[in-house]
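A quick write-up on the structure given underneath.
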Amino acid sequence: MAWSFVLPQSVFTSPLLAVATPVAGGMIVALLTNRSKNQQTYRTLRQPPFSPPGWLFAPAWTLLYSMMGYAAHHATLTASQSLSLAVHEANGTAQTLYTTQLALNFLWMPLFFGVGRPVAALGDLGLLLGNVTLLLANWWSADRTAFWMMTPYYVWLGYATYLNIGCGVLNGWTLPEKKQE
């Protein structure tokens, strides 16, 4: 059996765990990168047009994480009800893509805010967009409900890429120094 990077199967089969895992993971990453300092840094950055207010990120990500978690659950449930071996294999690939996109997603905030590297964060976003594109292609043929539930996240990633590039360009690809306490 080939090695793969996949969350435990119980995460995909339980709707509660499927939704709670990305929501909790995102919350933990935000707390570990010092959410209050991130908000302070965000406010000090020169922003491109159409930048959202800082308070919007937490509810937006909670909704997006919930939808992506349920999409992964739905795709797994759909595959488990299929008699097709190809659908089962496609689901294994989708679960790997889902897990890796989640890891790439969780890496962005520490890269951008934690170590202040907008270029590295942009590279992470590029990998993330490629990964989610492959996941969406998989779900387009295997589970259209999962595909459509993941689409707002994909659109938001495009928007996040615009914001990352805009902040990078407007701030000389560096973040303001955080004040020492």
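Ordering of the structure tokens sets the chain letters (A, B, ...), residue numbers begin anew at 1 in every chain, and ligands are numbered from 1 in the order given.
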
Sorted by chain and rising residue number, list the residues of region 19-40 of chain A at most 12 Å from region 170-176 of chain A (counting only C-alpha atoms), each with its closest atom pair and distance in Å to one decimal, as JSON lines.
{"residue": "A:Lys37", "atom": "CA", "partner": "A:Pro176", "partner_atom": "CA", "distance": 11.4}
{"residue": "A:Asn38", "atom": "CA", "partner": "A:Leu175", "partner_atom": "CA", "distance": 10.8}
{"residue": "A:Gln40", "atom": "CA", "partner": "A:Pro176", "partner_atom": "CA", "distance": 10.1}

Set the distance at 7 Å and use only C-alpha atoms: which residues neighbour Ala71 (chain A) once local chain neighbours fewer than 2 positions away are removed? I'd like the list as a PyMOL selection string. chain A and resi 67-69+73-75+146+149-150

May I have the residues from that selection written out with C-alpha atoms, as an mmCIF file, in the first residue's frame?
data_model
loop_
_atom_site.group_PDB
_atom_site.id
_atom_site.type_symbol
_atom_site.label_atom_id
_atom_site.label_comp_id
_atom_site.auth_asym_id
_atom_site.auth_seq_id
_atom_site.Cartn_x
_atom_site.Cartn_y
_atom_site.Cartn_z
ATOM 1 C CA MET A 67 -18.538 23.983 4.713
ATOM 2 C CA MET A 68 -15.280 22.352 3.633
ATOM 3 C CA GLY A 69 -15.483 19.861 6.514
ATOM 4 C CA HIS A 73 -17.848 14.176 4.927
ATOM 5 C CA HIS A 74 -20.424 14.228 2.148
ATOM 6 C CA ALA A 75 -17.911 13.022 -0.450
ATOM 7 C CA ALA A 146 -19.120 18.394 -2.176
ATOM 8 C CA MET A 149 -19.860 23.261 -0.956
ATOM 9 C CA MET A 150 -16.118 23.752 -1.502
#

Of the residues A:Pro110, A:Thr78, A:Asn131, A:Trp156, which is the one nearest to Arg144 (chain A), using only C-alpha atoms?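 Checking each of A:Pro110, A:Thr78, A:Asn131, A:Trp156 against Arg144 (chain A), counting only C-alpha atoms, the winner is A:Thr78.
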
Contacts of Leu31 (chain A) at 12 Å or less, counting only C-alpha atoms, minus same-chain residues fewer than 4 places along, as a list in words?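 The neighbour list is Ala24, Gly25, Gly26, Met27, Arg35, Ser36, Lys37, Asn38, Gln39, Ala58, Phe106, Met109, Pro110, Phe113 and Gly114 of chain A.
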
Can I get the selected residues back with all heavy atoms, as a short mmCIF file (atom, residue, chain, number, x, y, z; two decimals), in the first residue's frame?
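Just written: selection_34.cif:
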data_model
loop_
_atom_site.label_atom_id
_atom_site.label_comp_id
_atom_site.auth_asym_id
_atom_site.auth_seq_id
_atom_site.Cartn_x
_atom_site.Cartn_y
_atom_site.Cartn_z
N ALA A 24 -11.65 23.75 14.50
CA ALA A 24 -10.75 23.73 15.66
C ALA A 24 -9.30 23.95 15.23
O ALA A 24 -8.56 24.70 15.89
CB ALA A 24 -10.88 22.40 16.41
N GLY A 25 -8.89 23.34 14.13
CA GLY A 25 -7.52 23.53 13.64
C GLY A 25 -7.25 24.99 13.31
O GLY A 25 -6.20 25.52 13.68
N GLY A 26 -8.18 25.63 12.63
CA GLY A 26 -8.01 27.04 12.30
C GLY A 26 -7.95 27.92 13.54
O GLY A 26 -7.15 28.85 13.62
N MET A 27 -8.78 27.59 14.52
CA MET A 27 -8.79 28.36 15.76
C MET A 27 -7.47 28.17 16.52
O MET A 27 -6.89 29.15 17.02
CB MET A 27 -9.96 27.92 16.64
CG MET A 27 -10.17 28.81 17.83
SD MET A 27 -11.69 28.54 18.79
CE MET A 27 -12.22 26.91 18.40
N ARG A 35 -3.37 35.82 17.88
CA ARG A 35 -4.44 36.46 17.12
C ARG A 35 -4.53 37.97 17.36
O ARG A 35 -4.73 38.74 16.43
CB ARG A 35 -5.76 35.78 17.46
CG ARG A 35 -6.90 36.24 16.59
CD ARG A 35 -8.12 35.34 16.77
NE ARG A 35 -9.19 35.80 15.93
CZ ARG A 35 -10.12 36.66 16.32
NH1 ARG A 35 -10.12 37.13 17.54
NH2 ARG A 35 -11.07 37.03 15.48
N SER A 36 -4.37 38.42 18.59
CA SER A 36 -4.49 39.86 18.85
C SER A 36 -3.37 40.64 18.16
O SER A 36 -3.61 41.73 17.63
CB SER A 36 -4.52 40.15 20.35
OG SER A 36 -3.29 39.78 20.94
N LYS A 37 -2.16 40.11 18.14
CA LYS A 37 -1.06 40.80 17.43
C LYS A 37 -1.30 40.74 15.92
O LYS A 37 -0.94 41.67 15.21
CB LYS A 37 0.28 40.17 17.78
CG LYS A 37 0.73 40.56 19.17
CD LYS A 37 2.22 40.45 19.27
CE LYS A 37 2.65 40.68 20.67
NZ LYS A 37 3.20 41.97 20.94
N ASN A 38 -1.90 39.64 15.43
CA ASN A 38 -2.22 39.56 14.01
C ASN A 38 -3.19 40.66 13.62
O ASN A 38 -3.04 41.29 12.58
CB ASN A 38 -2.84 38.20 13.66
CG ASN A 38 -1.89 37.05 13.88
OD1 ASN A 38 -0.70 37.24 14.10
ND2 ASN A 38 -2.42 35.85 13.84
N GLN A 39 -4.20 40.89 14.45
CA GLN A 39 -5.18 41.94 14.18
C GLN A 39 -4.51 43.31 14.20
O GLN A 39 -4.80 44.16 13.35
CB GLN A 39 -6.32 41.88 15.20
CG GLN A 39 -7.20 40.66 15.04
CD GLN A 39 -8.21 40.52 16.17
OE1 GLN A 39 -8.09 41.13 17.22
NE2 GLN A 39 -9.20 39.69 15.94
N ALA A 58 -12.70 36.02 11.19
CA ALA A 58 -13.09 34.90 12.07
C ALA A 58 -14.43 34.28 11.65
O ALA A 58 -14.51 33.06 11.46
CB ALA A 58 -13.11 35.34 13.53
N PHE A 106 -3.50 25.86 6.99
CA PHE A 106 -3.07 26.18 8.35
C PHE A 106 -1.66 26.79 8.37
O PHE A 106 -1.30 27.46 9.33
CB PHE A 106 -3.12 24.95 9.23
CG PHE A 106 -4.50 24.43 9.53
CD1 PHE A 106 -4.68 23.13 9.92
CD2 PHE A 106 -5.62 25.24 9.42
CE1 PHE A 106 -5.95 22.63 10.21
CE2 PHE A 106 -6.90 24.76 9.71
CZ PHE A 106 -7.06 23.45 10.10
N MET A 109 -1.13 31.41 7.86
CA MET A 109 -1.11 32.43 8.91
C MET A 109 0.24 32.50 9.62
O MET A 109 0.78 33.59 9.81
CB MET A 109 -2.24 32.22 9.93
CG MET A 109 -2.36 33.39 10.91
SD MET A 109 -3.66 33.22 12.12
CE MET A 109 -5.10 33.41 11.09
N PRO A 110 0.85 31.36 10.00
CA PRO A 110 2.19 31.47 10.60
C PRO A 110 3.22 32.05 9.62
O PRO A 110 4.12 32.78 10.05
CB PRO A 110 2.54 30.02 10.96
CG PRO A 110 1.23 29.32 11.10
CD PRO A 110 0.31 30.00 10.11
N PHE A 113 1.83 36.13 9.19
CA PHE A 113 1.85 36.92 10.42
C PHE A 113 2.92 36.45 11.41
O PHE A 113 3.56 37.27 12.05
CB PHE A 113 0.48 36.89 11.11
CG PHE A 113 -0.56 37.68 10.40
CD1 PHE A 113 -1.58 37.05 9.70
CD2 PHE A 113 -0.54 39.06 10.42
CE1 PHE A 113 -2.55 37.79 9.04
CE2 PHE A 113 -1.51 39.81 9.76
CZ PHE A 113 -2.52 39.17 9.08
N GLY A 114 3.08 35.14 11.56
CA GLY A 114 4.00 34.61 12.56
C GLY A 114 5.44 34.98 12.29
O GLY A 114 6.15 35.47 13.17
#

Enter the distance from CA of Phe147 (chain A) to CA of Gly92 (chain A), in Å, rounded to one decimal.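 Between these atoms lies a distance of 15.7 Å.
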
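Here CA of Gln101 (chain A) stands at a distance of 16.9 Å from CA of Ala30 (chain A).
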
Selected residue of minimal separation from Asn105 (chain A) among A:Ala90, A:Leu157, A:Leu134, A:Ala20, counting only C-alpha atoms: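 Among the listed residues, A:Leu157 lies closest to Asn105 (chain A).
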
One decimal, Å: what's the distance from CA of Gly158 (chain A) over to CA of Thr145 (chain A), could you say?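 Taking CA of Gly158 (chain A) as the start and CA of Thr145 (chain A) as the end point, the length is 20.7 Å.
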
Nearest to Thr62 (chain A), chosen from A:Thr151, A:Asn138, A:Ser10, A:Thr21, with only C-alpha atoms counted in the distances: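 With only C-alpha atoms as the atom set, the closest residue is A:Thr21.
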
Residue neighbourhood Val169 (chain A), 12 Å, only C-alpha atoms, exclusion window fewer than 2 positions, as a list in words: Leu45, Arg46, Gln47, Pro48, Pro118, Val119, Leu122, Tyr162, Leu163, Asn164, Ile165, Gly166, Cys167, Asn171, Gly172, Trp173, Thr174 and Leu175 of chain A

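Minimum distance to Ser14 (chain A) across A:Ala121, A:Leu104, A:Leu77, A:Pro53 (counting only C-alpha atoms) occurs at A:Leu77.
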
DSSP says alpha helix (DSSP H) for which residues of chain A? Put them as a PyMOL selection string? chain A and resi 9-13+15-32+35-44+57-80+85-109+118-142+144-170
